[in-house]
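All remarks here apply to the structure that follows.
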Amino acid sequence: MTLLADGGITAGVYAQSGKAWNDKKQLGKVIATGLELRKKFALVSLLISVPILLYLLRHHGASWLMAIMIGISLIPAFLANLSSAIFIIVPKIQQDIPPILRNDVEVGIGRLILTFSLIFIFPFTFIALLANGLPRIYGNFKLKKIASPYLSRQKQSKKIRQQLYRTVKRMFPGVVYYCFSGQIMLWLISFLGNTTALAQLGALARIAVVLSLITSLSQTLVIPRYARLEEIKKKLLKYYFQIFASFLLIVILFISIGYFFSEQILWVLGENYFGLHMELLLVLIGGGLSLLSGIFFELNLSRDWIINPIISISLSVGAIIFGAIFLDLSDLKGVLVFNIFLALTQLLINALYGLLKIKRLEVA
């Protein structure tokens with residue numbers, strides 16, 4: 001729902017904000033235009049996603065009342081995310097980080113308090129979803145307040161809307177593709193493996209979630225600074241390699257810790273996962289490559305460098321077909337190696353494309 005409601009709008013707003021970060025009037029126009037577009041896309045996303053959700057819930061035995069309550073309870077968090085994803089760009093691009101961190105902590109504490117105070121009394125899915133969504137609405141109001149000193153209130157701009165539509169046009173096919181391809185490991189094990197392998201994958205994948213802290217660091221401190229850089233070939237190239245070297249070292253350190261302390265990590269997961277040392281290492285390598293790929297992808301987006309979706313999807317599908325033919329996908333190890341191969345392919349696509357765009361810039 002969130003991916004379809006965005007469709008590349010946030011990426012376009014990010015790129016335009018990087019160009020207008022020190023102009024309150026222009027930045028106000030960018031944010032106003034982005035918010036208006038996201039509202040329109042959100043309506044379409046709800047009309048597509050909610051009926052599918054209701055069908056799936058009914059298919060798995062939920063009553064009509066429960067299915068409708070779950071559908072309604074998703075909407076607050078969904079709508080809050082629409083504007084929060086836009087507003088948070090402003091303090092990030094201005095590098096006003098402490099208010100963002102305070103807001104995230106307050107939202108997290110709100111979720112914790114609501115969840116623990118309600119879920120034991122009312123153990124229903126829609127209650128848990130509301131407990132997740134309502135604090136996000138509060139955080140959304142705070143984000144708007146944090147962003148307001150850096151922009152003036154403006155109406156949407158026709159010129160900026162055209163630029164954002166151009167970004168959406170280039171990104172949307174990839175967004176739709178990612179909706180289906182993002183969970184390919186789970187799909188493969190569901191069709192070719194068994195429930196034990198599925199449970200093992202779910203448990204091991206929790207370890208790689210630690211990398212989300214590094215992703216958050218890059219999104220808050222690194223990518224906004226890169227978005228603000230002038231289009232000077234030498235300068236962009238220098239930062240590009242510095243970012244790659246820094247995060248590569250972090251990934252190597254993360255994988256090394258996982259390798260040398262695999263016994264302790266598997267002990268934390270529980271006795272059902274003892275002995276999965278090689279599988280843990282493969283999960284960490286795949287997670288590290290995915291992290292690097294995601295950072296390069298967002299670096300490119302921050303400059304409005306978007307690869308032709310025909311090329312990116314064709315290469316991704318080609319990698320999937322190649323891996324499916326030459327790798328054994330009937331067990332967990334084979335699926336994890338397959339995931340590493342796909343992550344490496346995406347890393348090469350994103351990194352080389354960004355490098356190509358920099359090389360094509362005029363020397364200033």
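We label chains A, B, ... in the order they appear in the structure tokens, count residues from 1 in each chain, and number ligands from 1 in the order shown.
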
Would you mind listing, for every residue of stretch 93-192 of chain A within 12 Å of stretch 10-29 of chain A, the two atoms forming the shortest contact and the distance between them in Å to one decimal, using only C-alpha atoms, sorted by chain and ascending residue number, as a Markdown table?
| residue | atom | partner | partner_atom | distance |
| --- | --- | --- | --- | --- |
| A:Ile93 | CA | A:Gly18 | CA | 6.6 |
| A:Gln94 | CA | A:Trp21 | CA | 6.8 |
| A:Gln95 | CA | A:Trp21 | CA | 10.4 |
| A:Lys144 | CA | A:Gly28 | CA | 11.9 |
| A:Ala147 | CA | A:Gly28 | CA | 9.9 |
| A:Ser148 | CA | A:Gly28 | CA | 9.0 |
| A:Pro149 | CA | A:Lys24 | CA | 8.6 |
| A:Tyr150 | CA | A:Lys24 | CA | 5.9 |
| A:Leu151 | CA | A:Lys24 | CA | 4.1 |
| A:Ser152 | CA | A:Gly28 | CA | 5.2 |
| A:Arg153 | CA | A:Gly28 | CA | 5.7 |
| A:Gln154 | CA | A:Lys29 | CA | 5.3 |
| A:Lys155 | CA | A:Lys29 | CA | 6.0 |
| A:Gln156 | CA | A:Lys29 | CA | 5.3 |
| A:Ser157 | CA | A:Lys29 | CA | 5.9 |
| A:Lys158 | CA | A:Lys29 | CA | 9.6 |
| A:Lys159 | CA | A:Lys29 | CA | 9.9 |
| A:Ile160 | CA | A:Lys29 | CA | 7.7 |
| A:Arg161 | CA | A:Lys29 | CA | 9.6 |
| A:Gln162 | CA | A:Gly12 | CA | 10.4 |
| A:Gln163 | CA | A:Gly12 | CA | 7.6 |
| A:Leu164 | CA | A:Gly12 | CA | 5.2 |
| A:Tyr165 | CA | A:Gly12 | CA | 8.3 |
| A:Arg166 | CA | A:Gly12 | CA | 8.6 |
| A:Thr167 | CA | A:Gly12 | CA | 5.7 |
| A:Val168 | CA | A:Gly12 | CA | 7.5 |
| A:Lys169 | CA | A:Gly12 | CA | 10.6 |
| A:Arg170 | CA | A:Gly12 | CA | 10.4 |
| A:Met171 | CA | A:Ala11 | CA | 9.0 |
| A:Phe172 | CA | A:Ala11 | CA | 11.1 |
| A:Val175 | CA | A:Ala11 | CA | 11.7 |

Report as JSON lines the residues of stretch 201-276 of chain A within 12 Å of stretch 318-333 of chain A, each with its shortest atom pair and distance in Å (one decimal), using only C-alpha atoms, ordered by chain and increasing residue number.
{"residue": "A:Leu201", "atom": "CA", "partner": "A:Leu332", "partner_atom": "CA", "distance": 7.4}
{"residue": "A:Gly202", "atom": "CA", "partner": "A:Leu332", "partner_atom": "CA", "distance": 11.1}
{"residue": "A:Leu204", "atom": "CA", "partner": "A:Leu332", "partner_atom": "CA", "distance": 10.9}
{"residue": "A:Leu276", "atom": "CA", "partner": "A:Lys333", "partner_atom": "CA", "distance": 9.7}

Review point. Which residues, written as a ChimeraX atom specification, have at least one atom at most 12 Å from A:Leu248, with only C-alpha atoms counted and residues fewer than 2 positions away on the same chain left out?
Key: /A:214,241-246,250-255,285,288-293,295-296,347

Check your understanding: Which is closer to A:Phe87 than all the others in A:Ile100, A:Val283, A:Ile72, A:Leu129, using only C-alpha atoms?
Key -> A:Ile100

Residues within 10 Å of A:Leu281, please, as a PDB file with C-alpha atoms, in the first residue's frame. Count only C-alpha atoms; anything in the same chain fewer than 5 positions from it doesn't count.
ATOM      1  CA  LEU A 204      17.997 -15.954  10.763  1.00  0.00           C
ATOM      2  CA  ILE A 255      29.841 -10.182   8.844  1.00  0.00           C
ATOM      3  CA  SER A 256      33.060 -10.897  10.784  1.00  0.00           C
ATOM      4  CA  GLY A 258      28.536 -12.794  12.991  1.00  0.00           C
ATOM      5  CA  TYR A 259      31.069 -15.393  11.823  1.00  0.00           C
ATOM      6  CA  PHE A 260      33.211 -15.436  14.984  1.00  0.00           C
ATOM      7  CA  SER A 262      27.823 -17.494  15.437  1.00  0.00           C
ATOM      8  CA  LEU A 276      22.964 -23.310  11.233  1.00  0.00           C
ATOM      9  CA  GLY A 286      23.213 -11.332   1.670  1.00  0.00           C
ATOM     10  CA  GLY A 287      22.076  -8.660   4.135  1.00  0.00           C
ATOM     11  CA  LEU A 336      20.384 -18.069   0.577  1.00  0.00           C
TER      12      LEU A 336
END

Practice item. From the DSSP assignment of the backbone, select every residue of stretch 190-330 of chain A that is helix (DSSP H, G or I), and format the answer as JSON, numbers by chain. Key: {"A": [190, 191, 192, 195, 196, 197, 198, 199, 200, 201, 202, 203, 204, 205, 206, 207, 208, 211, 212, 213, 214, 215, 216, 217, 218, 219, 220, 221, 222, 223, 224, 225, 226, 227, 228, 233, 234, 235, 236, 237, 238, 239, 240, 241, 242, 243, 244, 245, 246, 247, 248, 249, 250, 251, 252, 253, 254, 255, 256, 257, 258, 259, 260, 262, 263, 264, 265, 266, 267, 268, 269, 271, 272, 273, 277, 278, 279, 280, 281, 282, 283, 284, 285, 286, 287, 288, 289, 290, 291, 292, 293, 294, 295, 296, 297, 298, 299, 300, 301, 302, 309, 310, 311, 312, 313, 314, 315, 316, 317, 318, 319, 320, 321, 322, 323, 324, 325, 326]}

Output C-alpha atoms for every residue in the selection just made, as a CSV table (one decimal), in the first residue's frame.
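And here's selection_7.csv as it stands now:
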chain,number,residue,atom,x,y,z
A,190,SER,CA,7.0,-21.7,0.2
A,191,PHE,CA,6.8,-23.4,-3.2
A,192,LEU,CA,9.9,-25.6,-3.2
A,195,THR,CA,7.8,-25.0,6.8
A,196,THR,CA,10.9,-25.9,8.8
A,197,ALA,CA,13.1,-24.1,6.2
A,198,LEU,CA,10.7,-21.2,6.2
A,199,ALA,CA,10.9,-20.9,10.0
A,200,GLN,CA,14.7,-21.0,9.9
A,201,LEU,CA,14.8,-18.3,7.3
A,202,GLY,CA,12.5,-16.1,9.4
A,203,ALA,CA,14.7,-16.6,12.5
A,204,LEU,CA,18.0,-16.0,10.8
A,205,ALA,CA,16.7,-12.9,8.9
A,206,ARG,CA,16.0,-11.2,12.3
A,207,ILE,CA,19.8,-11.0,12.8
A,208,ALA,CA,20.2,-9.1,9.5
A,211,LEU,CA,21.7,-3.6,9.5
A,212,SER,CA,18.6,-1.4,9.5
A,213,LEU,CA,20.4,0.8,12.1
A,214,ILE,CA,23.1,1.4,9.5
A,215,THR,CA,20.5,2.1,6.8
A,216,SER,CA,18.9,4.7,9.1
A,217,LEU,CA,22.3,6.3,9.7
A,218,SER,CA,22.9,6.6,5.9
A,219,GLN,CA,19.4,8.0,5.3
A,220,THR,CA,19.8,10.6,8.1
A,221,LEU,CA,23.5,11.7,7.7
A,222,VAL,CA,25.0,10.6,4.4
A,223,ILE,CA,22.4,10.7,1.7
A,224,PRO,CA,21.0,14.3,2.5
A,225,ARG,CA,24.5,15.7,2.4
A,226,TYR,CA,25.1,14.0,-1.0
A,227,ALA,CA,21.8,15.3,-2.3
A,228,ARG,CA,23.0,18.9,-1.5
A,233,LYS,CA,32.2,15.8,-11.2
A,234,LYS,CA,35.4,15.5,-9.1
A,235,LYS,CA,33.6,16.3,-5.9
A,236,LEU,CA,30.8,13.8,-6.5
A,237,LEU,CA,33.2,11.1,-7.5
A,238,LYS,CA,35.3,11.6,-4.3
A,239,TYR,CA,32.2,11.4,-2.0
A,240,TYR,CA,30.9,8.4,-4.0
A,241,PHE,CA,34.0,6.3,-3.3
A,242,GLN,CA,34.3,7.5,0.3
A,243,ILE,CA,30.8,6.4,1.0
A,244,PHE,CA,31.4,3.0,-0.6
A,245,ALA,CA,34.6,2.4,1.3
A,246,SER,CA,33.1,3.5,4.6
A,247,PHE,CA,30.0,1.3,4.4
A,248,LEU,CA,32.0,-1.7,2.9
A,249,LEU,CA,34.2,-1.6,6.1
A,250,ILE,CA,31.0,-1.6,8.3
A,251,VAL,CA,29.5,-4.5,6.4
A,252,ILE,CA,32.8,-6.5,6.6
A,253,LEU,CA,32.9,-5.8,10.4
A,254,PHE,CA,29.3,-6.9,10.8
A,255,ILE,CA,29.8,-10.2,8.8
A,256,SER,CA,33.1,-10.9,10.8
A,257,ILE,CA,31.3,-10.5,14.1
A,258,GLY,CA,28.5,-12.8,13.0
A,259,TYR,CA,31.1,-15.4,11.8
A,260,PHE,CA,33.2,-15.4,15.0
A,262,SER,CA,27.8,-17.5,15.4
A,263,GLU,CA,27.5,-19.9,18.3
A,264,GLN,CA,26.3,-17.2,20.7
A,265,ILE,CA,24.0,-15.7,18.1
A,266,LEU,CA,22.3,-19.1,17.4
A,267,TRP,CA,22.0,-19.7,21.1
A,268,VAL,CA,20.0,-16.5,21.4
A,269,LEU,CA,17.6,-17.7,18.6
A,271,GLU,CA,17.9,-24.7,20.3
A,272,ASN,CA,15.9,-25.3,17.1
A,273,TYR,CA,18.5,-23.2,15.2
A,277,HIS,CA,26.4,-21.7,11.2
A,278,MET,CA,26.8,-21.6,7.4
A,279,GLU,CA,23.2,-20.5,6.9
A,280,LEU,CA,23.8,-17.6,9.3
A,281,LEU,CA,26.9,-16.5,7.5
A,282,LEU,CA,25.1,-16.6,4.1
A,283,VAL,CA,22.2,-14.5,5.6
A,284,LEU,CA,24.7,-11.9,6.9
A,285,ILE,CA,26.5,-11.7,3.5
A,286,GLY,CA,23.2,-11.3,1.7
A,287,GLY,CA,22.1,-8.7,4.1
A,288,GLY,CA,25.4,-6.8,3.8
A,289,LEU,CA,25.2,-6.8,0.0
A,290,SER,CA,21.5,-5.7,0.1
A,291,LEU,CA,22.5,-2.8,2.4
A,292,LEU,CA,25.2,-1.6,0.0
A,293,SER,CA,22.9,-1.9,-2.9
A,294,GLY,CA,20.2,0.1,-1.1
A,295,ILE,CA,22.6,2.9,-0.2
A,296,PHE,CA,23.8,3.3,-3.8
A,297,PHE,CA,20.1,3.2,-5.0
A,298,GLU,CA,19.2,6.0,-2.6
A,299,LEU,CA,22.3,8.0,-3.5
A,300,ASN,CA,21.2,7.9,-7.1
A,301,LEU,CA,17.6,8.8,-6.3
A,302,SER,CA,18.8,11.8,-4.3
A,309,PRO,CA,12.9,0.5,-15.7
A,310,ILE,CA,13.1,-1.7,-18.8
A,311,ILE,CA,16.8,-2.1,-18.3
A,312,SER,CA,16.7,-2.6,-14.4
A,313,ILE,CA,13.8,-5.0,-14.5
A,314,SER,CA,15.2,-7.0,-17.4
A,315,LEU,CA,18.6,-7.4,-15.6
A,316,SER,CA,16.8,-8.4,-12.4
A,317,VAL,CA,14.5,-10.9,-14.1
A,318,GLY,CA,17.5,-12.3,-16.0
A,319,ALA,CA,19.4,-12.8,-12.7
A,320,ILE,CA,16.5,-14.6,-11.2
A,321,ILE,CA,16.1,-16.9,-14.2
A,322,PHE,CA,19.9,-17.6,-14.3
A,323,GLY,CA,20.0,-18.3,-10.5
A,324,ALA,CA,16.9,-20.6,-10.7
A,325,ILE,CA,18.5,-22.6,-13.5
A,326,PHE,CA,22.0,-23.1,-12.0

Check your understanding: Quick one, how far is atom CA of A:Pro91 from atom CA of A:Gly8?
Key -> 19.8 Å

Practice item. Write out as a PyMOL selection string each polymer residue whose atoms come within 10 Å of stretch 116-126 of chain A, counting only C-alpha atoms; drop sequence neighbours fewer than 3 positions from it. Key: chain A and resi 66-74+111-113+129-132

Exercise for review: Could you please determine the separation between atom CA of A:Leu4 and atom CA of A:Val44 in Å, to one decimal place?
Suggested key: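 Separation between atom CA of A:Leu4 and atom CA of A:Val44: 8.3 Å.
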